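Below is one structure, written out as structure tokens; comments come after it.
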Amino acid sequence: MLGEGILKGLAETARNFAGSFVSKERLTTVQYPEERAPAIEASRVFPFLVYDGPEWEAGLRCVACQICEKECPPKCIYIEKSKDKKPDYVGKLQIYPARFDIDVSVCMSCQICVEVCPFEAIKMDTEFELATDDRFGGLLHDRKSLAKSNEYYHTIHPTEAAEVDARLAEEKAKVEEKARAAAAAAAAKAAEAPKSEAPKTGEGTEAQ
Amino acid sequence: MSELELESWNRPPVVDMDGDLLEVAMGPHHPSTHGVFRMDVALDGEKIVKLKPVFGYLHRNHEKLGEGNSYLASMPYTDRLDYICSMTNNWAYAVAVEKLAGQEVPERAEYVRVIVGELTRVQNHALSVGFLIQDMGASGTPLMYAFKARENILDLFESLSGSRMMCNYFRFGGLRVDPTAEWLDRTRQVVAELPQFVDEFEQLLVSNEILMARTQGVGVLPKELARNAGATGPVLRASGINYDIRKVDHYGIYDRFSFKVPLGEHGDVYDRFMIRLLELRQSIEILEQALKDIPGGPVMDPKAKIRNFRPKAGEAYGRIEAPKGELGFYLISDGGPNPYRYRVRPPSFVNLTTLEDMCLGHNVADVVLILGSIDIVLGEVDR
């Protein structure tokens with residue numbers, strides 16, 4: 001029959017249109033600002049700096065080793081080392097980034113900085129609403145706007161964050177164990193020969 | 001050089017304008033949605049007398065950047081060559097560097113590579129036939145059908161690698177993350193739905209009268225010319241030459257899967273269109289086999305280094321059968337952290353060289369179609 005195909009097609013359209021009011025599965029779009037598609041755990045948009053504890057500046061894991069700055073393919077990271085030192089998560093004194101800037105307009109979300117970081121300090125965020133009306137200052141994120149808590153990291157990448165925490169805890173336990181053994185050895189040595197030097201502690205992590 | 005001379009040096013005229021011929025610049029704004037590309041054509045009425053492809057609008061110094069960056073830092077840049085199929089670009093680069101450094105890839109990683117590689121082929125071919133029909137004037141519907149199939153695959157890529165198109169997933173000696181059992185199950189589901197899509201697409205289009213009238217006998221690429229021009233991929237096989245690097249080179253683990261290489265007879269646009277649909281079916285077969293046999297184990301060579309990667313001095317050429325043809329990377333190492341020479345052999349660029357021969361004698365409207373049937377991506381042509 002002439003026009004049968006058209007009627008068939010229109011019937012399909014009508015079924016989907018009417019059905020979209022009844023079943024959610026027929027809706028393929030979401031009304032974006034009000035509704036959001038479910039977040040995908042593996043997704044990556046822009047890096048952020050992880051900090052432990054309540055204080056962002058004191059808890060930054062970054063030790064300004066500048067590996068990410070060197071490895072970044074489009075060279076969008078800028079780091080300035082600090083003059084003084086602060087204790088890291090195992091208690092060892094480390095330098096920290098006095099300046100840590102990432103340019104959103106240059107970053108290509110490749111995740112290489114995350115992979116090369118030996119300190120689990122830089123991770124990928126899933127936040128994608130980075131648009132701004134200031135094309136210079138607004139697109140250059142400094143360390144304060146990049147710093148996000150470990151709890152936040154757990155909310156966006158739970159599996160990955162749990163692995164990282166386990167690894168860090170293991171490392172910390174190893175360092176503490178070493179320190180305790182070294183202290184015990186030092187005490188034993190000191191008991192034997194009071195003049196001998198105390199051995200070094202904290203070799204679990206290394207700065208560049 | 002005077003201003004007039006400079007002008008003519010920049011853009012030499014295709015024909016002198018004393019005859020009846022008309023020179024038309026098609027592009028550079030998306031003559032057929034494939035990128036920024038210009039064709040200077042000389043027309044006798046509606047017929048093409050001469051055609052000169054002009055590219056370079058998207059040149060971004062990819063090869064020189066690769067020589068300045070470390071080996072790993074070039075990996076995300078390869079995503080941006082053929083931005084439709086970033087996974088296969090990653091693969092070709094990884095194959096070249098692994099050859100250079102003599103690295104082994106674990107069994108499971110090889111299987112996952114085949115899975116993501118064939119998924120890439122499926123989505124590339126779906127998209128290229130969709131765009132081909134769009135070029136023919138069927139705007140919208142068939143292309144959206146293709147996009148629907150592609151969308152499922154891109155969702156898989158996002159949940160695996162974190163990004164839909166710029167996957168940056170391969171590493172030298174393996175892969176960045178291990179796919180979970182849940183991901184493999186979802187992939188099985190998506191693959192199980194693919195034949196239905198291909199059936200529907202074929203039923204709608206293959207015997208469509210308008211499609212046959214527009215494509216059969218149009219843009220014929222003779223067998224000899226295809227071979228001499230170095231064409232590869234579906235373009236070469238549509239002309240009837242049995243050459244598939246998956247069969248010739250046995251790179252990865254392709255010798256473990258049973259699949260056929262579809263061949264064309266006439267080398268026209270219709271054959272190139274059909275070859276892609278047939279390859280879709282073969283890719284689905286490979287996917288089913290790979291998803292059935294995938295073993296457990298690590299996905300990364302434990303000896304592989306992320307930082308301070310310095311392969312010993314030497315050279316290597318790694319190539320794979322990308323969806324568009326032979327994609328090769330040629331690397332020379334001097335033992336340093338970045339390659340001394342980094343060269344890409346892109347399939348689109350080489351396939352594009354026969355464009356004029358295919359177009360001569362056809363109408364302007366056919367040129368758009370022929371360009372679409374070569375399936376180029378300008379990110380790869382211009383680099």
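Letters for chains follow the order of the structure tokens (A, B, ...), residue numbers begin at 1 for each chain, and ligand numbers begin at 1 in the order shown.
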| task | Compute the chain A side of the contact with chain B at 9 Å, counting only C-alpha atoms, and hand it back as an MDAnalysis selection string. | result | chainID A and resid 40:45 67 71:74 108:112 115:116
Any chance you could export the current selection's all heavy atoms as a CSV table (one decimal), in the first residue's frame?
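Result went into part.csv, see below:
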```csv
chain,number,residue,atom,x,y,z
A,40,ILE,N,30.1,9.2,35.9
A,40,ILE,CA,30.9,8.0,35.6
A,40,ILE,C,32.2,8.0,36.4
A,40,ILE,O,32.9,9.0,36.4
A,40,ILE,CB,31.2,7.9,34.1
A,40,ILE,CG1,29.8,7.6,33.4
A,40,ILE,CG2,32.2,6.8,33.8
A,40,ILE,CD1,29.9,7.7,31.9
A,41,GLU,N,32.5,7.0,37.1
A,41,GLU,CA,33.6,7.0,38.1
A,41,GLU,C,34.9,7.2,37.5
A,41,GLU,O,35.7,8.0,38.0
A,41,GLU,CB,33.6,5.7,38.9
A,41,GLU,CG,34.2,5.8,40.3
A,41,GLU,CD,34.5,4.5,40.9
A,41,GLU,OE1,33.5,3.7,40.9
A,41,GLU,OE2,35.5,4.3,41.5
A,42,ALA,N,35.1,6.7,36.3
A,42,ALA,CA,36.5,6.8,35.7
A,42,ALA,C,36.7,8.1,35.0
A,42,ALA,O,37.8,8.4,34.5
A,42,ALA,CB,36.6,5.6,34.7
A,43,SER,N,35.6,8.9,34.8
A,43,SER,CA,35.8,10.1,34.0
A,43,SER,C,36.8,11.1,34.6
A,43,SER,O,37.0,11.1,35.8
A,43,SER,CB,34.4,10.8,33.8
A,43,SER,OG,34.0,11.4,34.9
A,44,ARG,N,37.4,11.8,33.7
A,44,ARG,CA,38.5,12.7,34.1
A,44,ARG,C,38.3,14.0,33.3
A,44,ARG,O,38.0,14.0,32.1
A,44,ARG,CB,39.8,12.1,33.8
A,44,ARG,CG,40.0,11.7,32.4
A,44,ARG,CD,41.4,11.1,32.2
A,44,ARG,NE,41.4,10.1,31.1
A,44,ARG,CZ,41.8,10.4,29.9
A,44,ARG,NH1,42.1,11.6,29.5
A,44,ARG,NH2,41.7,9.4,29.0
A,45,VAL,N,38.5,15.1,34.0
A,45,VAL,CA,38.3,16.4,33.3
A,45,VAL,C,39.5,17.3,33.6
A,45,VAL,O,40.2,17.7,32.6
A,45,VAL,CB,37.1,17.2,33.8
A,45,VAL,CG1,36.9,18.5,33.1
A,45,VAL,CG2,35.8,16.3,33.6
A,67,ILE,N,57.9,16.8,38.8
A,67,ILE,CA,57.9,15.8,37.8
A,67,ILE,C,56.7,16.0,36.8
A,67,ILE,O,56.9,15.9,35.6
A,67,ILE,CB,57.8,14.4,38.4
A,67,ILE,CG1,59.1,14.0,39.2
A,67,ILE,CG2,57.6,13.3,37.4
A,67,ILE,CD1,59.1,12.7,39.9
A,71,GLU,N,56.7,16.4,32.8
A,71,GLU,CA,56.1,15.4,32.0
A,71,GLU,C,54.8,15.9,31.3
A,71,GLU,O,54.4,15.3,30.3
A,71,GLU,CB,55.7,14.2,32.8
A,71,GLU,CG,56.9,13.3,33.2
A,71,GLU,CD,57.5,12.5,32.0
A,71,GLU,OE1,56.8,12.3,31.1
A,71,GLU,OE2,58.7,12.2,32.1
A,72,CYS,N,54.2,17.0,31.8
A,72,CYS,CA,53.0,17.5,31.2
A,72,CYS,C,53.1,17.7,29.7
A,72,CYS,O,54.0,18.5,29.3
A,72,CYS,CB,52.5,18.7,31.9
A,72,CYS,SG,51.1,19.5,31.1
A,73,PRO,N,52.4,17.0,28.8
A,73,PRO,CA,52.6,17.2,27.4
A,73,PRO,C,52.4,18.6,26.9
A,73,PRO,O,53.3,19.2,26.2
A,73,PRO,CB,51.6,16.2,26.7
A,73,PRO,CG,51.3,15.2,27.7
A,73,PRO,CD,51.4,15.9,29.1
A,74,PRO,N,51.3,19.3,27.2
A,74,PRO,CA,51.2,20.7,26.7
A,74,PRO,C,51.8,21.7,27.7
A,74,PRO,O,51.7,22.9,27.4
A,74,PRO,CB,49.7,20.9,26.6
A,74,PRO,CG,49.1,20.0,27.6
A,74,PRO,CD,50.1,18.9,27.9
A,108,MET,N,44.9,19.4,28.5
A,108,MET,CA,44.1,18.6,27.6
A,108,MET,C,43.6,17.3,28.3
A,108,MET,O,43.3,16.3,27.7
A,108,MET,CB,44.9,18.2,26.4
A,108,MET,CG,46.2,17.5,26.5
A,108,MET,SD,46.9,17.2,24.9
A,108,MET,CE,48.2,16.1,25.2
A,109,SER,N,43.5,17.3,29.6
A,109,SER,CA,42.9,16.3,30.4
A,109,SER,C,43.4,14.9,30.1
A,109,SER,O,42.7,13.9,30.0
A,109,SER,CB,41.4,16.2,30.2
A,109,SER,OG,40.8,17.5,30.2
A,110,CYS,N,44.8,14.7,30.0
A,110,CYS,CA,45.3,13.5,29.6
A,110,CYS,C,45.7,12.6,30.7
A,110,CYS,O,45.9,11.4,30.6
A,110,CYS,CB,46.5,13.7,28.7
A,110,CYS,SG,47.9,14.4,29.5
A,111,GLN,N,45.8,13.1,31.9
A,111,GLN,CA,46.0,12.3,33.1
A,111,GLN,C,47.5,11.9,33.3
A,111,GLN,O,47.8,11.1,34.2
A,111,GLN,CB,45.1,11.1,33.1
A,111,GLN,CG,44.7,10.6,34.5
A,111,GLN,CD,43.9,9.4,34.5
A,111,GLN,OE1,43.8,8.7,33.5
A,111,GLN,NE2,43.3,9.1,35.6
A,112,ILE,N,48.4,12.4,32.5
A,112,ILE,CA,49.8,12.0,32.6
A,112,ILE,C,50.4,12.5,33.9
A,112,ILE,O,51.1,11.8,34.6
A,112,ILE,CB,50.6,12.5,31.4
A,112,ILE,CG1,50.1,11.9,30.1
A,112,ILE,CG2,52.1,12.3,31.6
A,112,ILE,CD1,50.9,10.9,29.4
A,115,GLU,N,49.6,10.0,36.6
A,115,GLU,CA,50.4,8.8,36.5
A,115,GLU,C,51.8,8.9,36.9
A,115,GLU,O,52.4,8.0,37.5
A,115,GLU,CB,50.3,8.3,35.0
A,115,GLU,CG,49.1,7.5,34.7
A,115,GLU,CD,48.9,7.3,33.2
A,115,GLU,OE1,49.8,6.6,32.6
A,115,GLU,OE2,48.0,7.9,32.7
A,116,VAL,N,52.4,10.0,36.6
A,116,VAL,CA,53.8,10.2,37.0
A,116,VAL,C,54.0,10.6,38.4
A,116,VAL,O,55.2,10.5,38.9
A,116,VAL,CB,54.6,11.1,36.0
A,116,VAL,CG1,54.6,10.6,34.6
A,116,VAL,CG2,54.0,12.5,36.1
```
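The list of residues with at least one atom within 7 Å of Glu67 (chain B), based on only C-alpha atoms and without residues fewer than 2 positions apart in the same chain, reads B:Glu63, B:Lys64, B:Leu65, B:Asn69, B:Asn338, B:Pro339, B:Tyr340, B:Arg341, B:Tyr342.
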Take the residues just selected and output them with N, CA and C atoms as a PDB file, in the first residue's frame.
```
ATOM      1  N   GLU B  63      54.408  16.008  14.501  1.00  0.00           N
ATOM      2  CA  GLU B  63      55.631  15.213  14.475  1.00  0.00           C
ATOM      3  C   GLU B  63      56.774  15.920  15.202  1.00  0.00           C
ATOM      4  N   LYS B  64      56.857  17.232  15.007  1.00  0.00           N
ATOM      5  CA  LYS B  64      57.939  17.959  15.684  1.00  0.00           C
ATOM      6  C   LYS B  64      57.691  17.994  17.195  1.00  0.00           C
ATOM      7  N   LEU B  65      56.443  18.129  17.598  1.00  0.00           N
ATOM      8  CA  LEU B  65      56.117  18.086  19.028  1.00  0.00           C
ATOM      9  C   LEU B  65      56.531  16.737  19.611  1.00  0.00           C
ATOM     10  N   ASN B  69      58.902  16.015  22.943  1.00  0.00           N
ATOM     11  CA  ASN B  69      58.290  15.462  24.153  1.00  0.00           C
ATOM     12  C   ASN B  69      58.863  14.086  24.468  1.00  0.00           C
ATOM     13  N   ASN B 338      63.477  11.370  24.660  1.00  0.00           N
ATOM     14  CA  ASN B 338      62.512  11.645  23.597  1.00  0.00           C
ATOM     15  C   ASN B 338      63.052  11.147  22.263  1.00  0.00           C
ATOM     16  N   PRO B 339      62.144  10.820  21.320  1.00  0.00           N
ATOM     17  CA  PRO B 339      62.624  10.258  20.060  1.00  0.00           C
ATOM     18  C   PRO B 339      63.428  11.272  19.244  1.00  0.00           C
ATOM     19  N   TYR B 340      64.413  10.763  18.520  1.00  0.00           N
ATOM     20  CA  TYR B 340      65.201  11.639  17.640  1.00  0.00           C
ATOM     21  C   TYR B 340      64.365  11.988  16.418  1.00  0.00           C
ATOM     22  N   ARG B 341      63.626  11.004  15.917  1.00  0.00           N
ATOM     23  CA  ARG B 341      62.727  11.253  14.791  1.00  0.00           C
ATOM     24  C   ARG B 341      61.418  10.550  15.075  1.00  0.00           C
ATOM     25  N   TYR B 342      60.339  11.230  14.748  1.00  0.00           N
ATOM     26  CA  TYR B 342      59.001  10.721  15.021  1.00  0.00           C
ATOM     27  C   TYR B 342      58.180  10.999  13.784  1.00  0.00           C
TER      28      TYR B 342
END
```
| query | So how far away is CA of Val95 (chain B) from CA of Gly174 (chain B), in Å? | reply | 10.1 Å
| query | Can you tell me, as an MDAnalysis selection string, what residues are no more than 10 Å from region 183-185 of chain B when counting only C-alpha atoms, ignoring any on the same chain fewer than 6 positions away? | reply | chainID B and resid 112 115 156:157 159:160 191 291:292 294
Selection above as a file: N, CA, C and O atoms, as a PDB file, in the first residue's frame:
```
ATOM      1  N   VAL B 112      42.442  -7.269  25.513  1.00  0.00           N
ATOM      2  CA  VAL B 112      41.707  -6.011  25.699  1.00  0.00           C
ATOM      3  C   VAL B 112      42.016  -5.062  24.543  1.00  0.00           C
ATOM      4  O   VAL B 112      41.147  -4.335  24.065  1.00  0.00           O
ATOM      5  N   ILE B 115      39.845  -6.000  21.767  1.00  0.00           N
ATOM      6  CA  ILE B 115      38.454  -5.625  22.030  1.00  0.00           C
ATOM      7  C   ILE B 115      38.247  -4.137  21.769  1.00  0.00           C
ATOM      8  O   ILE B 115      37.357  -3.747  21.013  1.00  0.00           O
ATOM      9  N   LEU B 156      31.138   3.016  26.719  1.00  0.00           N
ATOM     10  CA  LEU B 156      32.059   1.980  27.199  1.00  0.00           C
ATOM     11  C   LEU B 156      33.465   2.549  27.351  1.00  0.00           C
ATOM     12  O   LEU B 156      34.140   2.318  28.348  1.00  0.00           O
ATOM     13  N   PHE B 157      33.892   3.313  26.350  1.00  0.00           N
ATOM     14  CA  PHE B 157      35.233   3.902  26.395  1.00  0.00           C
ATOM     15  C   PHE B 157      35.357   4.841  27.590  1.00  0.00           C
ATOM     16  O   PHE B 157      36.379   4.884  28.254  1.00  0.00           O
ATOM     17  N   SER B 159      33.713   4.766  30.471  1.00  0.00           N
ATOM     18  CA  SER B 159      33.786   4.098  31.768  1.00  0.00           C
ATOM     19  C   SER B 159      35.071   3.296  31.902  1.00  0.00           C
ATOM     20  O   SER B 159      35.473   2.950  33.005  1.00  0.00           O
ATOM     21  N   LEU B 160      35.737   3.009  30.789  1.00  0.00           N
ATOM     22  CA  LEU B 160      37.014   2.294  30.877  1.00  0.00           C
ATOM     23  C   LEU B 160      38.188   3.248  31.028  1.00  0.00           C
ATOM     24  O   LEU B 160      38.997   3.123  31.934  1.00  0.00           O
ATOM     25  N   VAL B 191      27.909  -5.567  22.355  1.00  0.00           N
ATOM     26  CA  VAL B 191      28.277  -6.329  21.156  1.00  0.00           C
ATOM     27  C   VAL B 191      27.098  -7.193  20.698  1.00  0.00           C
ATOM     28  O   VAL B 191      26.850  -7.342  19.504  1.00  0.00           O
ATOM     29  N   LEU B 291      35.902 -11.693  23.498  1.00  0.00           N
ATOM     30  CA  LEU B 291      35.216 -11.558  24.783  1.00  0.00           C
ATOM     31  C   LEU B 291      34.968 -12.924  25.423  1.00  0.00           C
ATOM     32  O   LEU B 291      34.803 -13.025  26.636  1.00  0.00           O
ATOM     33  N   LYS B 292      34.946 -13.961  24.595  1.00  0.00           N
ATOM     34  CA  LYS B 292      34.741 -15.308  25.140  1.00  0.00           C
ATOM     35  C   LYS B 292      36.045 -15.844  25.737  1.00  0.00           C
ATOM     36  O   LYS B 292      36.041 -16.454  26.800  1.00  0.00           O
ATOM     37  N   ILE B 294      38.854 -14.198  26.744  1.00  0.00           N
ATOM     38  CA  ILE B 294      39.760 -13.306  27.471  1.00  0.00           C
ATOM     39  C   ILE B 294      40.232 -13.936  28.781  1.00  0.00           C
ATOM     40  O   ILE B 294      39.429 -14.380  29.587  1.00  0.00           O
TER      41      ILE B 294
END
```
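The spacing separating CA of Met87 (chain B) from CA of Glu118 (chain B) amounts to 9.4 Å.
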Skipping near chain neighbours, those fewer than 3 positions away, what residues fall within 9 Å of Cys62 (chain A) using only C-alpha atoms, listed as an mmCIF file with all heavy atoms, in the first residue's frame?
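Wrote it out as out-v4.cif, contents follow:
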```
data_model
loop_
_atom_site.group_PDB
_atom_site.id
_atom_site.type_symbol
_atom_site.label_atom_id
_atom_site.label_comp_id
_atom_site.auth_asym_id
_atom_site.auth_seq_id
_atom_site.Cartn_x
_atom_site.Cartn_y
_atom_site.Cartn_z
ATOM 1 N N LEU A 49 44.616 19.054 43.438
ATOM 2 C CA LEU A 49 45.628 18.634 44.403
ATOM 3 C C LEU A 49 44.935 18.086 45.643
ATOM 4 O O LEU A 49 44.036 18.719 46.182
ATOM 5 C CB LEU A 49 46.514 19.823 44.793
ATOM 6 C CG LEU A 49 47.353 20.415 43.661
ATOM 7 C CD1 LEU A 49 48.023 21.694 44.111
ATOM 8 C CD2 LEU A 49 48.404 19.424 43.212
ATOM 9 N N VAL A 50 45.359 16.915 46.076
ATOM 10 C CA VAL A 50 44.721 16.284 47.236
ATOM 11 C C VAL A 50 45.388 16.786 48.508
ATOM 12 O O VAL A 50 46.606 16.935 48.562
ATOM 13 C CB VAL A 50 44.872 14.754 47.169
ATOM 14 C CG1 VAL A 50 44.014 14.101 48.239
ATOM 15 C CG2 VAL A 50 44.484 14.236 45.815
ATOM 16 N N TYR A 51 44.560 17.090 49.543
ATOM 17 C CA TYR A 51 45.140 17.368 50.864
ATOM 18 C C TYR A 51 44.482 16.498 51.901
ATOM 19 O O TYR A 51 43.316 16.135 51.783
ATOM 20 C CB TYR A 51 45.049 18.858 51.220
ATOM 21 C CG TYR A 51 43.666 19.407 51.454
ATOM 22 C CD1 TYR A 51 43.081 19.339 52.722
ATOM 23 C CD2 TYR A 51 42.960 20.028 50.443
ATOM 24 C CE1 TYR A 51 41.823 19.863 52.955
ATOM 25 C CE2 TYR A 51 41.699 20.545 50.663
ATOM 26 C CZ TYR A 51 41.134 20.463 51.906
ATOM 27 O OH TYR A 51 39.888 20.969 52.117
ATOM 28 N N GLY A 59 47.942 20.363 54.692
ATOM 29 C CA GLY A 59 47.751 18.950 54.341
ATOM 30 C C GLY A 59 48.072 18.593 52.912
ATOM 31 O O GLY A 59 47.927 17.431 52.512
ATOM 32 N N CYS A 65 58.051 18.353 43.574
ATOM 33 C CA CYS A 65 59.168 17.670 42.932
ATOM 34 C C CYS A 65 59.253 18.025 41.456
ATOM 35 O O CYS A 65 60.251 17.735 40.800
ATOM 36 C CB CYS A 65 59.050 16.164 43.101
ATOM 37 S SG CYS A 65 57.661 15.440 42.213
ATOM 38 N N ASP A 88 55.351 16.011 55.945
ATOM 39 C CA ASP A 88 54.376 15.342 55.082
ATOM 40 C C ASP A 88 53.610 14.291 55.880
ATOM 41 O O ASP A 88 53.668 14.270 57.117
ATOM 42 C CB ASP A 88 55.059 14.746 53.858
ATOM 43 C CG ASP A 88 55.993 13.597 54.209
ATOM 44 O OD1 ASP A 88 56.135 13.316 55.398
ATOM 45 O OD2 ASP A 88 56.568 13.000 53.281
ATOM 46 N N ILE A 95 59.804 19.979 51.225
ATOM 47 C CA ILE A 95 59.418 21.275 50.679
ATOM 48 C C ILE A 95 58.006 21.160 50.114
ATOM 49 O O ILE A 95 57.530 20.067 49.854
ATOM 50 C CB ILE A 95 60.397 21.760 49.585
ATOM 51 C CG1 ILE A 95 60.678 20.634 48.603
ATOM 52 C CG2 ILE A 95 61.648 22.299 50.188
ATOM 53 C CD1 ILE A 95 61.457 21.065 47.424
ATOM 54 N N TYR A 96 57.354 22.272 49.924
ATOM 55 C CA TYR A 96 55.985 22.252 49.401
ATOM 56 C C TYR A 96 55.881 23.284 48.283
ATOM 57 O O TYR A 96 56.771 24.128 48.142
ATOM 58 C CB TYR A 96 54.982 22.531 50.526
ATOM 59 C CG TYR A 96 55.157 23.863 51.211
ATOM 60 C CD1 TYR A 96 54.452 24.970 50.758
ATOM 61 C CD2 TYR A 96 56.037 24.021 52.287
ATOM 62 C CE1 TYR A 96 54.619 26.208 51.363
ATOM 63 C CE2 TYR A 96 56.202 25.251 52.887
ATOM 64 C CZ TYR A 96 55.491 26.343 52.431
ATOM 65 O OH TYR A 96 55.664 27.555 53.018
ATOM 66 N N PRO A 97 54.847 23.230 47.460
ATOM 67 C CA PRO A 97 54.752 24.198 46.364
ATOM 68 C C PRO A 97 54.321 25.567 46.887
ATOM 69 O O PRO A 97 53.240 25.700 47.448
ATOM 70 C CB PRO A 97 53.696 23.597 45.445
ATOM 71 C CG PRO A 97 52.862 22.746 46.327
ATOM 72 C CD PRO A 97 53.738 22.249 47.410
ATOM 73 N N CYS A 117 53.014 11.071 39.103
ATOM 74 C CA CYS A 117 53.193 11.589 40.462
ATOM 75 C C CYS A 117 53.510 10.455 41.432
ATOM 76 O O CYS A 117 52.716 9.537 41.598
ATOM 77 C CB CYS A 117 51.936 12.313 40.919
ATOM 78 S SG CYS A 117 52.110 12.986 42.578
ATOM 79 N N PHE A 119 53.717 10.694 44.641
ATOM 80 C CA PHE A 119 53.227 11.001 45.993
ATOM 81 C C PHE A 119 51.709 10.981 46.095
ATOM 82 O O PHE A 119 51.169 11.406 47.101
ATOM 83 C CB PHE A 119 53.761 12.368 46.431
ATOM 84 C CG PHE A 119 55.254 12.435 46.417
ATOM 85 C CD1 PHE A 119 55.927 12.956 45.335
ATOM 86 C CD2 PHE A 119 55.980 11.933 47.479
ATOM 87 C CE1 PHE A 119 57.311 12.993 45.307
ATOM 88 C CE2 PHE A 119 57.358 11.965 47.461
ATOM 89 C CZ PHE A 119 58.027 12.496 46.380
ATOM 90 N N GLU A 120 51.028 10.523 45.050
ATOM 91 C CA GLU A 120 49.555 10.485 45.028
ATOM 92 C C GLU A 120 48.981 11.863 45.335
ATOM 93 O O GLU A 120 47.958 11.979 45.998
ATOM 94 C CB GLU A 120 49.001 9.462 46.041
ATOM 95 C CG GLU A 120 49.674 8.112 46.027
ATOM 96 C CD GLU A 120 49.234 7.239 44.877
ATOM 97 O OE1 GLU A 120 48.436 7.696 44.044
ATOM 98 O OE2 GLU A 120 49.730 6.105 44.781
ATOM 99 N N ALA A 121 49.644 12.894 44.879
ATOM 100 C CA ALA A 121 49.260 14.247 45.280
ATOM 101 C C ALA A 121 48.310 14.901 44.289
ATOM 102 O O ALA A 121 47.560 15.791 44.650
ATOM 103 C CB ALA A 121 50.507 15.112 45.427
ATOM 104 N N ILE A 122 48.359 14.477 43.038
ATOM 105 C CA ILE A 122 47.532 15.127 42.016
ATOM 106 C C ILE A 122 46.604 14.072 41.415
ATOM 107 O O ILE A 122 47.027 12.960 41.124
ATOM 108 C CB ILE A 122 48.414 15.847 40.960
ATOM 109 C CG1 ILE A 122 47.567 16.703 40.030
ATOM 110 C CG2 ILE A 122 49.266 14.885 40.181
ATOM 111 C CD1 ILE A 122 48.377 17.685 39.221
#
```
Determine, counting only C-alpha atoms, which protein, DNA and RNA residues have an atom within 12 Å of an atom of region 36-41 of chain B; residues of the same chain fewer than 5 positions away are not included. Present the result as an mmCIF file with C-alpha atoms, in the first residue's frame.
```
data_model
loop_
_atom_site.group_PDB
_atom_site.id
_atom_site.type_symbol
_atom_site.label_atom_id
_atom_site.label_comp_id
_atom_site.auth_asym_id
_atom_site.auth_seq_id
_atom_site.Cartn_x
_atom_site.Cartn_y
_atom_site.Cartn_z
ATOM 1 C CA ARG B 11 47.362 29.626 -4.721
ATOM 2 C CA PRO B 12 48.342 28.675 -8.245
ATOM 3 C CA PRO B 13 45.345 28.783 -10.576
ATOM 4 C CA VAL B 14 44.060 25.388 -11.580
ATOM 5 C CA VAL B 15 43.294 26.533 -15.125
ATOM 6 C CA LEU B 21 36.149 26.291 -17.627
ATOM 7 C CA LEU B 22 35.058 27.590 -14.254
ATOM 8 C CA GLU B 23 37.278 27.390 -11.221
ATOM 9 C CA VAL B 24 35.515 26.738 -7.936
ATOM 10 C CA ALA B 25 37.063 26.471 -4.499
ATOM 11 C CA MET B 26 35.072 23.909 -2.546
ATOM 12 C CA GLY B 27 35.778 24.451 1.106
ATOM 13 C CA PRO B 28 37.791 25.033 3.210
ATOM 14 C CA HIS B 29 34.727 24.977 5.424
ATOM 15 C CA HIS B 30 33.651 21.369 5.623
ATOM 16 C CA PRO B 31 32.742 20.431 2.048
ATOM 17 C CA GLU B 46 28.885 20.292 -14.184
ATOM 18 C CA LYS B 47 31.789 17.972 -15.023
ATOM 19 C CA ILE B 48 35.053 17.938 -13.124
ATOM 20 C CA VAL B 49 38.019 18.539 -15.425
ATOM 21 C CA LYS B 50 40.672 19.012 -12.793
ATOM 22 C CA LEU B 51 40.784 18.803 -9.033
ATOM 23 C CA LYS B 52 43.461 19.895 -6.637
ATOM 24 C CA PRO B 53 43.165 18.969 -2.964
ATOM 25 C CA VAL B 54 44.490 21.674 -0.637
ATOM 26 C CA PHE B 55 45.111 20.692 2.949
ATOM 27 C CA GLY B 56 47.164 21.872 5.872
ATOM 28 C CA TYR B 57 44.521 23.997 7.568
ATOM 29 C CA LEU B 58 44.658 21.779 10.627
ATOM 30 C CA HIS B 59 48.427 21.365 10.727
ATOM 31 C CA PHE B 349 46.539 11.167 3.827
ATOM 32 C CA LEU B 352 43.448 11.039 -0.343
ATOM 33 C CA LEU B 355 40.982 11.792 -5.093
ATOM 34 C CA GLU B 356 41.465 13.538 -8.436
ATOM 35 C CA CYS B 359 36.557 12.450 -9.394
ATOM 36 C CA LEU B 360 37.432 13.254 -13.040
ATOM 37 C CA GLY B 361 34.377 13.263 -15.263
ATOM 38 C CA HIS B 362 31.864 13.266 -12.439
ATOM 39 C CA ASN B 363 29.520 15.968 -11.215
ATOM 40 C CA VAL B 364 30.196 18.392 -8.396
ATOM 41 C CA VAL B 367 32.813 14.852 -5.547
ATOM 42 C CA VAL B 368 31.376 15.333 -2.077
ATOM 43 C CA LEU B 371 35.447 12.348 -0.648
ATOM 44 C CA ILE B 376 39.267 10.917 5.821
ATOM 45 C CA VAL B 377 39.779 12.738 9.072
ATOM 46 C CA LEU B 378 41.677 15.957 8.667
ATOM 47 C CA GLY B 379 43.316 15.670 12.061
ATOM 48 C CA GLU B 380 45.268 12.806 10.575
ATOM 49 C CA VAL B 381 45.820 14.239 7.090
ATOM 50 C CA ASP B 382 47.327 17.488 8.356
#
```
| remark: re CA of Lys24 (chain A) and CA of Arg36 (chain A): distance 14.1 Å
| task | Check region 3-208 of chain A with DSSP on the backbone and list each residue it calls alpha helix (DSSP H), as a PyMOL selection string. | result | chain A and resi 4-22+56-59+67-71+112-116+143-146+150-156+158-192
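Using only C-alpha atoms for every distance, the candidate list B:Thr232, B:Ser239, B:Thr354, B:Thr215 yields B:Thr215 as the residue closest to Asp366 (chain B).
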